[in-house]
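Coordinates from target-v8.pdb are shown below (PDB, C-alpha atoms, pLDDT in the B column).
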ATOM      1  CA  MET A  21     -35.080  68.800  74.227  1.00 38.00           C
ATOM      2  CA  GLY A  22     -31.608  70.382  74.228  1.00 52.00           C
ATOM      3  CA  ARG A  23     -29.337  70.835  77.161  1.00 73.00           C
ATOM      4  CA  LYS A  24     -29.687  73.556  79.754  1.00 88.00           C
ATOM      5  CA  ASN A  25     -27.556  76.384  78.426  1.00 94.00           C
ATOM      6  CA  THR A  26     -26.819  78.556  81.467  1.00 98.00           C
ATOM      7  CA  VAL A  27     -24.763  78.285  84.653  1.00 98.00           C
ATOM      8  CA  ILE A  28     -25.217  80.786  87.480  1.00 98.00           C
ATOM      9  CA  PHE A  29     -22.527  80.979  90.151  1.00 98.00           C
ATOM     10  CA  ASP A  30     -22.660  82.180  93.713  1.00 98.00           C
ATOM     11  CA  MET A  31     -19.427  84.043  94.510  1.00 98.00           C
ATOM     12  CA  ASP A  32     -18.276  83.723  98.127  1.00 97.00           C
ATOM     13  CA  GLY A  33     -17.553  80.110  98.958  1.00 97.00           C
ATOM     14  CA  VAL A  34     -17.969  79.013  95.314  1.00 98.00           C
ATOM     15  CA  ILE A  35     -15.685  81.205  93.197  1.00 98.00           C
ATOM     16  CA  PHE A  36     -13.580  82.545  96.058  1.00 98.00           C
ATOM     17  CA  ASP A  37     -12.414  80.715  99.175  1.00 97.00           C
ATOM     18  CA  SER A  38     -13.551  83.716 101.181  1.00 97.00           C
ATOM     19  CA  GLU A  39     -16.042  82.423 103.744  1.00 96.00           C
ATOM     20  CA  LYS A  40     -13.241  81.301 106.062  1.00 96.00           C
ATOM     21  CA  ILE A  41     -11.730  84.792 105.935  1.00 97.00           C
ATOM     22  CA  VAL A  42     -15.093  86.366 106.726  1.00 96.00           C
ATOM     23  CA  LEU A  43     -15.613  84.065 109.694  1.00 97.00           C
ATOM     24  CA  SER A  44     -12.098  84.672 110.994  1.00 97.00           C
ATOM     25  CA  SER A  45     -12.671  88.418 110.749  1.00 98.00           C
ATOM     26  CA  TRP A  46     -15.911  88.169 112.704  1.00 98.00           C
ATOM     27  CA  LYS A  47     -14.160  86.100 115.388  1.00 97.00           C
ATOM     28  CA  LYS A  48     -11.656  88.914 115.890  1.00 98.00           C
ATOM     29  CA  VAL A  49     -14.431  91.473 116.275  1.00 98.00           C
ATOM     30  CA  ALA A  50     -16.353  89.124 118.575  1.00 97.00           C
ATOM     31  CA  ALA A  51     -13.327  88.778 120.827  1.00 97.00           C
ATOM     32  CA  GLU A  52     -12.958  92.559 121.021  1.00 97.00           C
ATOM     33  CA  TYR A  53     -16.610  93.267 121.812  1.00 97.00           C
ATOM     34  CA  GLY A  54     -17.674  90.181 123.759  1.00 96.00           C
ATOM     35  CA  LEU A  55     -20.008  88.551 121.227  1.00 96.00           C
ATOM     36  CA  GLU A  56     -20.681  84.938 122.153  1.00 96.00           C
ATOM     37  CA  ASN A  57     -21.437  82.128 119.686  1.00 96.00           C
ATOM     38  CA  ILE A  58     -20.336  84.250 116.739  1.00 97.00           C
ATOM     39  CA  GLU A  59     -19.553  81.226 114.543  1.00 96.00           C
ATOM     40  CA  SER A  60     -23.079  79.868 114.946  1.00 96.00           C
ATOM     41  CA  VAL A  61     -24.616  83.256 114.223  1.00 97.00           C
ATOM     42  CA  MET A  62     -22.501  84.042 111.191  1.00 95.00           C
ATOM     43  CA  THR A  63     -22.964  80.647 109.566  1.00 93.00           C
ATOM     44  CA  GLN A  64     -26.691  81.448 109.598  1.00 94.00           C
ATOM     45  CA  CYS A  65     -25.832  84.537 107.548  1.00 95.00           C
ATOM     46  CA  ILE A  66     -24.020  82.680 104.772  1.00 95.00           C
ATOM     47  CA  GLY A  67     -25.726  83.466 101.478  1.00 93.00           C
ATOM     48  CA  LEU A  68     -27.664  86.444 102.851  1.00 94.00           C
ATOM     49  CA  ASN A  69     -27.353  90.052 101.742  1.00 93.00           C
ATOM     50  CA  TYR A  70     -26.509  92.875 104.161  1.00 94.00           C
ATOM     51  CA  ASP A  71     -30.048  93.630 105.331  1.00 94.00           C
ATOM     52  CA  ALA A  72     -30.976  89.985 105.863  1.00 94.00           C
ATOM     53  CA  ALA A  73     -27.726  89.296 107.733  1.00 96.00           C
ATOM     54  CA  ASN A  74     -28.425  92.349 109.894  1.00 96.00           C
ATOM     55  CA  GLU A  75     -31.809  90.874 110.827  1.00 96.00           C
ATOM     56  CA  VAL A  76     -30.275  87.518 111.799  1.00 97.00           C
ATOM     57  CA  PHE A  77     -27.528  89.220 113.799  1.00 97.00           C
ATOM     58  CA  THR A  78     -29.910  91.584 115.610  1.00 97.00           C
ATOM     59  CA  LYS A  79     -32.283  88.760 116.530  1.00 97.00           C
ATOM     60  CA  ALA A  80     -29.466  86.502 117.744  1.00 97.00           C
ATOM     61  CA  TYR A  81     -28.125  89.159 120.113  1.00 97.00           C
ATOM     62  CA  ASP A  82     -31.484  90.695 121.086  1.00 96.00           C
ATOM     63  CA  GLY A  83     -30.409  94.030 119.664  1.00 96.00           C
ATOM     64  CA  LYS A  84     -27.542  94.394 122.163  1.00 96.00           C
ATOM     65  CA  PHE A  85     -24.936  94.862 119.442  1.00 96.00           C
ATOM     66  CA  ASP A  86     -25.074  97.199 116.443  1.00 97.00           C
ATOM     67  CA  PHE A  87     -24.444  95.333 113.189  1.00 97.00           C
ATOM     68  CA  ASP A  88     -23.970  98.611 111.301  1.00 97.00           C
ATOM     69  CA  PHE A  89     -21.180  99.515 113.740  1.00 97.00           C
ATOM     70  CA  LEU A  90     -19.445  96.131 113.804  1.00 97.00           C
ATOM     71  CA  LYS A  91     -19.682  95.118 110.133  1.00 96.00           C
ATOM     72  CA  PRO A  92     -17.235  97.797 108.906  1.00 97.00           C
ATOM     73  CA  LYS A  93     -14.731  96.643 111.520  1.00 97.00           C
ATOM     74  CA  THR A  94     -15.094  93.097 110.252  1.00 97.00           C
ATOM     75  CA  SER A  95     -14.656  94.317 106.687  1.00 96.00           C
ATOM     76  CA  ALA A  96     -11.446  96.106 107.703  1.00 97.00           C
ATOM     77  CA  TYR A  97      -9.984  92.837 109.016  1.00 98.00           C
ATOM     78  CA  TYR A  98     -11.178  91.043 105.871  1.00 96.00           C
ATOM     79  CA  TYR A  99      -9.542  93.475 103.466  1.00 95.00           C
ATOM     80  CA  GLU A 100      -6.409  93.625 105.582  1.00 96.00           C
ATOM     81  CA  TYR A 101      -6.057  89.883 105.026  1.00 96.00           C
ATOM     82  CA  VAL A 102      -6.878  90.099 101.318  1.00 95.00           C
ATOM     83  CA  GLU A 103      -4.418  92.957 100.820  1.00 94.00           C
ATOM     84  CA  LYS A 104      -1.681  90.908 102.474  1.00 95.00           C
ATOM     85  CA  TYR A 105      -2.383  87.433 101.127  1.00 94.00           C
ATOM     86  CA  GLY A 106      -4.785  87.891  98.215  1.00 94.00           C
ATOM     87  CA  LEU A 107      -8.260  86.445  97.731  1.00 96.00           C
ATOM     88  CA  PRO A 108      -7.852  82.732  96.983  1.00 97.00           C
ATOM     89  CA  LEU A 109      -9.892  81.032  94.289  1.00 98.00           C
ATOM     90  CA  LYS A 110     -11.744  77.825  95.053  1.00 98.00           C
ATOM     91  CA  THR A 111     -10.118  74.701  93.677  1.00 97.00           C
ATOM     92  CA  GLY A 112     -11.067  74.064  90.064  1.00 98.00           C
ATOM     93  CA  VAL A 113     -13.029  77.249  89.417  1.00 98.00           C
ATOM     94  CA  ARG A 114     -10.853  78.613  86.616  1.00 98.00           C
ATOM     95  CA  GLU A 115     -10.775  75.254  84.830  1.00 98.00           C
ATOM     96  CA  LEU A 116     -14.577  75.014  85.101  1.00 98.00           C
ATOM     97  CA  LEU A 117     -15.084  78.524  83.746  1.00 98.00           C
ATOM     98  CA  ILE A 118     -12.766  77.889  80.807  1.00 98.00           C
ATOM     99  CA  PHE A 119     -14.636  74.682  79.990  1.00 98.00           C
ATOM    100  CA  LEU A 120     -18.054  76.350  80.165  1.00 97.00           C
ATOM    101  CA  LYS A 121     -16.935  79.218  77.941  1.00 97.00           C
ATOM    102  CA  GLU A 122     -15.488  76.879  75.331  1.00 96.00           C
ATOM    103  CA  ALA A 123     -18.646  74.750  75.443  1.00 95.00           C
ATOM    104  CA  GLY A 124     -20.857  77.777  74.800  1.00 95.00           C
ATOM    105  CA  TYR A 125     -22.708  78.088  78.094  1.00 97.00           C
ATOM    106  CA  LYS A 126     -24.049  81.435  79.256  1.00 98.00           C
ATOM    107  CA  THR A 127     -22.735  82.335  82.705  1.00 98.00           C
ATOM    108  CA  ALA A 128     -23.491  84.842  85.446  1.00 98.00           C
ATOM    109  CA  VAL A 129     -22.673  85.582  89.066  1.00 98.00           C
ATOM    110  CA  ALA A 130     -25.575  85.925  91.495  1.00 98.00           C
ATOM    111  CA  SER A 131     -24.030  87.020  94.787  1.00 97.00           C
ATOM    112  CA  SER A 132     -25.546  88.488  97.932  1.00 95.00           C
ATOM    113  CA  THR A 133     -22.498  90.758  98.100  1.00 95.00           C
ATOM    114  CA  ARG A 134     -22.888  94.336  96.867  1.00 95.00           C
ATOM    115  CA  ILE A 135     -22.463  94.653  93.119  1.00 97.00           C
ATOM    116  CA  ALA A 136     -19.529  97.086  93.386  1.00 97.00           C
ATOM    117  CA  VAL A 137     -17.595  94.502  95.410  1.00 95.00           C
ATOM    118  CA  VAL A 138     -18.601  91.690  93.049  1.00 97.00           C
ATOM    119  CA  GLU A 139     -17.342  93.643  90.042  1.00 98.00           C
ATOM    120  CA  LYS A 140     -14.044  94.531  91.709  1.00 96.00           C
ATOM    121  CA  GLU A 141     -13.271  91.054  93.020  1.00 97.00           C
ATOM    122  CA  ILE A 142     -14.139  89.345  89.739  1.00 98.00           C
ATOM    123  CA  GLU A 143     -12.001  91.876  87.864  1.00 97.00           C
ATOM    124  CA  ASP A 144      -9.087  91.599  90.304  1.00 96.00           C
ATOM    125  CA  ALA A 145      -9.119  87.814  89.864  1.00 97.00           C
ATOM    126  CA  ASP A 146      -8.997  88.232  86.075  1.00 97.00           C
ATOM    127  CA  LEU A 147     -12.299  86.393  85.645  1.00 98.00           C
ATOM    128  CA  THR A 148     -14.384  89.098  83.954  1.00 98.00           C
ATOM    129  CA  GLU A 149     -14.231  87.468  80.523  1.00 98.00           C
ATOM    130  CA  TYR A 150     -15.908  84.330  81.841  1.00 98.00           C
ATOM    131  CA  PHE A 151     -19.148  85.995  82.977  1.00 98.00           C
ATOM    132  CA  GLU A 152     -21.706  87.657  80.762  1.00 98.00           C
ATOM    133  CA  LYS A 153     -23.584  89.249  83.659  1.00 98.00           C
ATOM    134  CA  LEU A 154     -22.966  90.056  87.335  1.00 98.00           C
ATOM    135  CA  VAL A 155     -25.828  90.480  89.818  1.00 98.00           C
ATOM    136  CA  GLY A 156     -25.261  91.750  93.370  1.00 97.00           C
ATOM    137  CA  GLY A 157     -27.339  91.571  96.514  1.00 95.00           C
ATOM    138  CA  ASP A 158     -28.119  95.291  96.474  1.00 95.00           C
ATOM    139  CA  MET A 159     -29.786  94.948  93.059  1.00 96.00           C
ATOM    140  CA  ILE A 160     -32.791  93.039  94.400  1.00 94.00           C
ATOM    141  CA  LYS A 161     -35.208  93.550  97.293  1.00 92.00           C
ATOM    142  CA  ARG A 162     -35.444  90.086  98.818  1.00 95.00           C
ATOM    143  CA  SER A 163     -32.352  88.154  99.825  1.00 95.00           C
ATOM    144  CA  LYS A 164     -31.758  84.453  99.349  1.00 96.00           C
ATOM    145  CA  PRO A 165     -33.523  82.123 100.187  1.00 96.00           C
ATOM    146  CA  ALA A 166     -36.044  84.080  98.090  1.00 97.00           C
ATOM    147  CA  PRO A 167     -35.533  83.341  94.382  1.00 98.00           C
ATOM    148  CA  ASP A 168     -35.233  87.001  93.345  1.00 98.00           C
ATOM    149  CA  ILE A 169     -31.495  87.195  92.648  1.00 98.00           C
ATOM    150  CA  PHE A 170     -31.542  84.056  90.498  1.00 98.00           C
ATOM    151  CA  LEU A 171     -34.577  85.233  88.576  1.00 98.00           C
ATOM    152  CA  GLU A 172     -32.859  88.572  87.984  1.00 98.00           C
ATOM    153  CA  ALA A 173     -29.790  86.750  86.651  1.00 98.00           C
ATOM    154  CA  ALA A 174     -31.998  84.788  84.255  1.00 98.00           C
ATOM    155  CA  ARG A 175     -33.746  87.976  83.185  1.00 98.00           C
ATOM    156  CA  VAL A 176     -30.563  89.871  82.329  1.00 98.00           C
ATOM    157  CA  LEU A 177     -29.156  86.814  80.551  1.00 98.00           C
ATOM    158  CA  GLU A 178     -32.450  86.513  78.641  1.00 97.00           C
ATOM    159  CA  VAL A 179     -32.893  82.828  79.486  1.00 97.00           C
ATOM    160  CA  GLU A 180     -35.651  80.799  81.122  1.00 97.00           C
ATOM    161  CA  PRO A 181     -35.152  79.697  84.751  1.00 97.00           C
ATOM    162  CA  GLU A 182     -35.619  76.039  83.812  1.00 97.00           C
ATOM    163  CA  ASP A 183     -32.600  76.311  81.502  1.00 97.00           C
ATOM    164  CA  CYS A 184     -30.302  77.327  84.381  1.00 98.00           C
ATOM    165  CA  TYR A 185     -27.964  75.408  86.626  1.00 98.00           C
ATOM    166  CA  VAL A 186     -26.964  77.141  89.864  1.00 98.00           C
ATOM    167  CA  ILE A 187     -23.745  76.383  91.745  1.00 98.00           C
ATOM    168  CA  GLU A 188     -24.049  77.209  95.435  1.00 98.00           C
ATOM    169  CA  ASP A 189     -22.396  76.417  98.753  1.00 98.00           C
ATOM    170  CA  SER A 190     -25.026  77.823 101.120  1.00 96.00           C
ATOM    171  CA  TYR A 191     -28.332  76.459 102.340  1.00 97.00           C
ATOM    172  CA  ASN A 192     -30.048  79.750 101.548  1.00 96.00           C
ATOM    173  CA  GLY A 193     -28.636  79.703  98.034  1.00 97.00           C
ATOM    174  CA  ILE A 194     -29.809  76.168  97.328  1.00 98.00           C
ATOM    175  CA  ARG A 195     -33.261  77.011  98.676  1.00 98.00           C
ATOM    176  CA  GLY A 196     -33.438  80.131  96.514  1.00 98.00           C
ATOM    177  CA  ALA A 197     -32.267  78.364  93.366  1.00 98.00           C
ATOM    178  CA  ARG A 198     -34.838  75.602  93.780  1.00 98.00           C
ATOM    179  CA  ALA A 199     -37.563  78.192  94.460  1.00 98.00           C
ATOM    180  CA  ALA A 200     -36.561  79.923  91.221  1.00 98.00           C
ATOM    181  CA  GLY A 201     -37.274  76.731  89.277  1.00 98.00           C
ATOM    182  CA  MET A 202     -33.601  76.199  88.480  1.00 98.00           C
ATOM    183  CA  THR A 203     -31.346  73.147  88.912  1.00 98.00           C
ATOM    184  CA  PRO A 204     -29.173  73.628  92.019  1.00 98.00           C
ATOM    185  CA  PHE A 205     -25.770  72.011  92.476  1.00 98.00           C
ATOM    186  CA  MET A 206     -24.236  72.173  95.951  1.00 98.00           C
ATOM    187  CA  VAL A 207     -20.499  72.298  96.506  1.00 98.00           C
ATOM    188  CA  PRO A 208     -20.247  72.488 100.323  1.00 98.00           C
ATOM    189  CA  ASP A 209     -17.817  74.946 101.885  1.00 97.00           C
ATOM    190  CA  LEU A 210     -18.255  75.845 105.574  1.00 94.00           C
ATOM    191  CA  LEU A 211     -21.694  74.248 105.717  1.00 93.00           C
ATOM    192  CA  PRO A 212     -21.982  70.473 105.271  1.00 96.00           C
ATOM    193  CA  ALA A 213     -24.720  68.939 103.148  1.00 97.00           C
ATOM    194  CA  THR A 214     -27.772  68.161 105.273  1.00 97.00           C
ATOM    195  CA  GLU A 215     -30.744  65.911 104.577  1.00 98.00           C
ATOM    196  CA  GLU A 216     -32.657  68.987 103.395  1.00 98.00           C
ATOM    197  CA  MET A 217     -29.856  69.867 100.991  1.00 98.00           C
ATOM    198  CA  GLU A 218     -29.732  66.319  99.662  1.00 97.00           C
ATOM    199  CA  GLN A 219     -33.414  66.678  98.815  1.00 98.00           C
ATOM    200  CA  LEU A 220     -33.243  70.200  97.336  1.00 98.00           C
ATOM    201  CA  ALA A 221     -29.950  70.002  95.450  1.00 98.00           C
ATOM    202  CA  GLU A 222     -29.953  68.115  92.171  1.00 97.00           C
ATOM    203  CA  LYS A 223     -26.430  66.932  92.915  1.00 98.00           C
ATOM    204  CA  ILE A 224     -23.826  67.459  95.639  1.00 98.00           C
ATOM    205  CA  PHE A 225     -20.212  67.657  94.516  1.00 98.00           C
ATOM    206  CA  LYS A 226     -16.953  67.466  96.457  1.00 97.00           C
ATOM    207  CA  ASP A 227     -15.371  70.313  94.480  1.00 98.00           C
ATOM    208  CA  LEU A 228     -15.548  72.208  91.197  1.00 98.00           C
ATOM    209  CA  HIS A 229     -13.377  69.660  89.403  1.00 98.00           C
ATOM    210  CA  GLU A 230     -16.240  67.191  89.908  1.00 98.00           C
ATOM    211  CA  VAL A 231     -18.671  69.807  88.580  1.00 98.00           C
ATOM    212  CA  ARG A 232     -16.533  70.210  85.461  1.00 98.00           C
ATOM    213  CA  MET A 233     -16.491  66.447  84.945  1.00 97.00           C
ATOM    214  CA  PHE A 234     -20.287  66.434  85.172  1.00 96.00           C
ATOM    215  CA  PHE A 235     -20.567  69.048  82.444  1.00 95.00           C
ATOM    216  CA  ALA A 236     -18.007  67.247  80.299  1.00 94.00           C
ATOM    217  CA  GLU A 237     -20.009  64.021  80.508  1.00 91.00           C
ATOM    218  CA  ASN A 238     -23.214  65.970  79.927  1.00 84.00           C
ATOM    219  CA  GLU A 239     -21.761  67.459  76.753  1.00 80.00           C
ATOM    220  CA  LYS A 240     -20.863  64.026  75.448  1.00 78.00           C
ATOM    221  CA  SER A 241     -24.282  62.545  76.152  1.00 71.00           C
ATOM    222  CA  VAL A 242     -26.391  65.479  74.946  1.00 61.00           C
ATOM    223  CA  SER A 243     -24.466  66.826  71.974  1.00 56.00           C
ATOM    224  CA  GLY A 244     -21.905  64.144  71.209  1.00 51.00           C
ATOM    225  CA  ARG A 245     -19.027  66.610  71.461  1.00 47.00           C
ATOM    226  CA  LYS A 246     -15.765  65.350  72.947  1.00 44.00           C
ATOM    227  CA  ASN A 247     -14.543  68.127  75.246  1.00 41.00           C
TER     228      ASN A 247
END

Structure encoded using structure tokens:
Amino acid sequence: MGRKNTVIFDMDGVIFDSEKIVLSSWKKVAAEYGLENIESVMTQCIGLNYDAANEVFTKAYDGKFDFDFLKPKTSAYYYEYVEKYGLPLKTGVRELLIFLKEAGYKTAVASSTRIAVVEKEIEDADLTEYFEKLVGGDMIKRSKPAPDIFLEAARVLEVEPEDCYVIEDSYNGIRGARAAGMTPFMVPDLLPATEEMEQLAEKIFKDLHEVRMFFAENEKSVSGRKN
């Protein structure tokens, strides 16, 4: 049996060091409108698309605050930061993408973020050439932890789920990737690896440099190539 030939990336917290900016933006809005425990609530939303995050938010605050009203305000703070400082890449992501491209892997992004935002941020970071397909959260009905977005990525790449690795930072992403029959790798960001994650994730890495080293060793053992 040959090697798995596909790597599917989450975006926020994996490609971009953006989760901290999102959380900081929500803290500003929370301070303005009196939302308590915002960090706890928003960490539950990591990996979810808009509708699923809305459900978590509404339940947490018993419907007292309007997510549709507050989310654009949070986005304004987010993009104000990005406009001023840029959207930082996660350590090692460009080196990993270059390696995977040279080694002949198929790659895709499967992000809960809207596809228009995914396309713009990937393009702005000059990463478009490294991904064959981009899948956004508004392209599927069920959010992570359902497997839908990963299965859609496999479908558009024309590969089998069992031939796919998934790189994720969120609990919901790892759950969804495993439910899709794929091989999940966790690279923790805001959320630490838990006992559940240790069971569901095939491997847990400190950063994307470690992920690249895994693939380099995998290439040597499976195909004998010295990358």

*For A:Ala221, work out the shell of residues within 7 Å, counting only C-alpha atoms and skipping chain neighbours fewer than 6 positions away, then give it as a PyMOL selection string.*
chain A and resi 194+204-206

I'd like the residues picked by the PyMOL selection byres ((chain A and resi 82-93) around 9) written out as a PDB file with C-alpha atoms, keeping the file's coordinate frame, using the chain letters and numbers from the file.
ATOM      1  CA  SER A  45     -12.671  88.418 110.749  1.00 98.00           C
ATOM      2  CA  TRP A  46     -15.911  88.169 112.704  1.00 98.00           C
ATOM      3  CA  VAL A  49     -14.431  91.473 116.275  1.00 98.00           C
ATOM      4  CA  TYR A  53     -16.610  93.267 121.812  1.00 97.00           C
ATOM      5  CA  LEU A  55     -20.008  88.551 121.227  1.00 96.00           C
ATOM      6  CA  ALA A  73     -27.726  89.296 107.733  1.00 96.00           C
ATOM      7  CA  ASN A  74     -28.425  92.349 109.894  1.00 96.00           C
ATOM      8  CA  GLU A  75     -31.809  90.874 110.827  1.00 96.00           C
ATOM      9  CA  PHE A  77     -27.528  89.220 113.799  1.00 97.00           C
ATOM     10  CA  THR A  78     -29.910  91.584 115.610  1.00 97.00           C
ATOM     11  CA  LYS A  79     -32.283  88.760 116.530  1.00 97.00           C
ATOM     12  CA  ALA A  80     -29.466  86.502 117.744  1.00 97.00           C
ATOM     13  CA  TYR A  81     -28.125  89.159 120.113  1.00 97.00           C
ATOM     14  CA  THR A  94     -15.094  93.097 110.252  1.00 97.00           C
ATOM     15  CA  SER A  95     -14.656  94.317 106.687  1.00 96.00           C
ATOM     16  CA  ALA A  96     -11.446  96.106 107.703  1.00 97.00           C
ATOM     17  CA  TYR A  97      -9.984  92.837 109.016  1.00 98.00           C
ATOM     18  CA  TYR A  98     -11.178  91.043 105.871  1.00 96.00           C
TER      19      TYR A  98
END

*Where does the PyMOL selection byres ((chain A and resi 172) around 10) land in this file, that is, which residues does it pick, as a PyMOL selection string?*
chain A and resi 130+155-156+159-160+167-171+173-178+181+200

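Among the candidates A:Tyr185, A:Lys126, A:Lys161, A:Ser132, the residue lying nearest to A:Phe234 is A:Tyr185 (atoms considered: only C-alpha atoms).
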
*asked:* Once the PyMOL selection byres ((chain A and resi 68) around 12) has been evaluated on this model, what residues remain selected, and can you format them as a ChimeraX atom specification?
replied: /A:30-32,62-67,69-77,130-134,156-158,160-167,169,190-196

Write a file of the just-selected residues containing C-alpha atoms, as a PDB file, keeping the file's coordinate frame.
ATOM      1  CA  ASP A  30     -22.660  82.180  93.713  1.00 98.00           C
ATOM      2  CA  MET A  31     -19.427  84.043  94.510  1.00 98.00           C
ATOM      3  CA  ASP A  32     -18.276  83.723  98.127  1.00 97.00           C
ATOM      4  CA  MET A  62     -22.501  84.042 111.191  1.00 95.00           C
ATOM      5  CA  THR A  63     -22.964  80.647 109.566  1.00 93.00           C
ATOM      6  CA  GLN A  64     -26.691  81.448 109.598  1.00 94.00           C
ATOM      7  CA  CYS A  65     -25.832  84.537 107.548  1.00 95.00           C
ATOM      8  CA  ILE A  66     -24.020  82.680 104.772  1.00 95.00           C
ATOM      9  CA  GLY A  67     -25.726  83.466 101.478  1.00 93.00           C
ATOM     10  CA  ASN A  69     -27.353  90.052 101.742  1.00 93.00           C
ATOM     11  CA  TYR A  70     -26.509  92.875 104.161  1.00 94.00           C
ATOM     12  CA  ASP A  71     -30.048  93.630 105.331  1.00 94.00           C
ATOM     13  CA  ALA A  72     -30.976  89.985 105.863  1.00 94.00           C
ATOM     14  CA  ALA A  73     -27.726  89.296 107.733  1.00 96.00           C
ATOM     15  CA  ASN A  74     -28.425  92.349 109.894  1.00 96.00           C
ATOM     16  CA  GLU A  75     -31.809  90.874 110.827  1.00 96.00           C
ATOM     17  CA  VAL A  76     -30.275  87.518 111.799  1.00 97.00           C
ATOM     18  CA  PHE A  77     -27.528  89.220 113.799  1.00 97.00           C
ATOM     19  CA  ALA A 130     -25.575  85.925  91.495  1.00 98.00           C
ATOM     20  CA  SER A 131     -24.030  87.020  94.787  1.00 97.00           C
ATOM     21  CA  SER A 132     -25.546  88.488  97.932  1.00 95.00           C
ATOM     22  CA  THR A 133     -22.498  90.758  98.100  1.00 95.00           C
ATOM     23  CA  ARG A 134     -22.888  94.336  96.867  1.00 95.00           C
ATOM     24  CA  GLY A 156     -25.261  91.750  93.370  1.00 97.00           C
ATOM     25  CA  GLY A 157     -27.339  91.571  96.514  1.00 95.00           C
ATOM     26  CA  ASP A 158     -28.119  95.291  96.474  1.00 95.00           C
ATOM     27  CA  ILE A 160     -32.791  93.039  94.400  1.00 94.00           C
ATOM     28  CA  LYS A 161     -35.208  93.550  97.293  1.00 92.00           C
ATOM     29  CA  ARG A 162     -35.444  90.086  98.818  1.00 95.00           C
ATOM     30  CA  SER A 163     -32.352  88.154  99.825  1.00 95.00           C
ATOM     31  CA  LYS A 164     -31.758  84.453  99.349  1.00 96.00           C
ATOM     32  CA  PRO A 165     -33.523  82.123 100.187  1.00 96.00           C
ATOM     33  CA  ALA A 166     -36.044  84.080  98.090  1.00 97.00           C
ATOM     34  CA  PRO A 167     -35.533  83.341  94.382  1.00 98.00           C
ATOM     35  CA  ILE A 169     -31.495  87.195  92.648  1.00 98.00           C
ATOM     36  CA  SER A 190     -25.026  77.823 101.120  1.00 96.00           C
ATOM     37  CA  TYR A 191     -28.332  76.459 102.340  1.00 97.00           C
ATOM     38  CA  ASN A 192     -30.048  79.750 101.548  1.00 96.00           C
ATOM     39  CA  GLY A 193     -28.636  79.703  98.034  1.00 97.00           C
ATOM     40  CA  ILE A 194     -29.809  76.168  97.328  1.00 98.00           C
ATOM     41  CA  ARG A 195     -33.261  77.011  98.676  1.00 98.00           C
ATOM     42  CA  GLY A 196     -33.438  80.131  96.514  1.00 98.00           C
TER      43      GLY A 196
END

*Could you jot down the atom CA of A:Glu52 to atom CA of A:Gly33 separation for me, Å, one decimal place?*
25.7 Å

*Pick the closest to A:Ile224 from A:Leu154, A:Val207, A:Ala236, A:Tyr101: which is it, counting all atoms listed in the file?*
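That would be A:Val207, the residue with the smallest distance to A:Ile224.
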
Would you compute the box with edges along x, y and z of the file around stretch 50-67 of chain A, including every atom the file lists for it and 5 Å extra on each side, and give its centre and edge lengths in Å to one decimal, as lines of an AutoDock Vina configuration file?
center_x = -19.8
center_y = 86.6
center_z = 112.6
size_x = 23.7
size_y = 23.4
size_z = 32.3

Contacts of A:Asn25 at 9 Å (only C-alpha atoms; same-chain gap of 2+ positions) as a PDB file with C-alpha atoms, in the frame of the given file:
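Result went into part33.pdb, see below:
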ATOM      1  CA  GLY A  22     -31.608  70.382  74.228  1.00 52.00           C
ATOM      2  CA  ARG A  23     -29.337  70.835  77.161  1.00 73.00           C
ATOM      3  CA  VAL A  27     -24.763  78.285  84.653  1.00 98.00           C
ATOM      4  CA  GLY A 124     -20.857  77.777  74.800  1.00 95.00           C
ATOM      5  CA  TYR A 125     -22.708  78.088  78.094  1.00 97.00           C
ATOM      6  CA  LYS A 126     -24.049  81.435  79.256  1.00 98.00           C
ATOM      7  CA  THR A 127     -22.735  82.335  82.705  1.00 98.00           C
ATOM      8  CA  VAL A 179     -32.893  82.828  79.486  1.00 97.00           C
ATOM      9  CA  ASP A 183     -32.600  76.311  81.502  1.00 97.00           C
ATOM     10  CA  CYS A 184     -30.302  77.327  84.381  1.00 98.00           C
ATOM     11  CA  TYR A 185     -27.964  75.408  86.626  1.00 98.00           C
TER      12      TYR A 185
END

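Compared by their closest atoms to A:Val102, and using only C-alpha atoms, the residues A:Glu188, A:Glu56, A:Glu141, A:Glu122 rank with A:Glu141 nearest.
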
*For atom CA of A:Leu228 and atom CA of A:Leu43, determine how far apart the two atoms are, in Å to one decimal place.*
22.0 Å

*Could you tell me how far atom CA of A:Leu220 lies from atom CA of A:Ala199, in Å and to one decimal?*
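Rounded to one decimal, the two atoms are 9.5 Å apart.
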
*Which is closer to A:Ser38 than all the others in A:Glu216, A:Asp189, A:Glu239, A:Asp227, using only C-alpha atoms?*
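Nearest to A:Ser38: A:Asp189.
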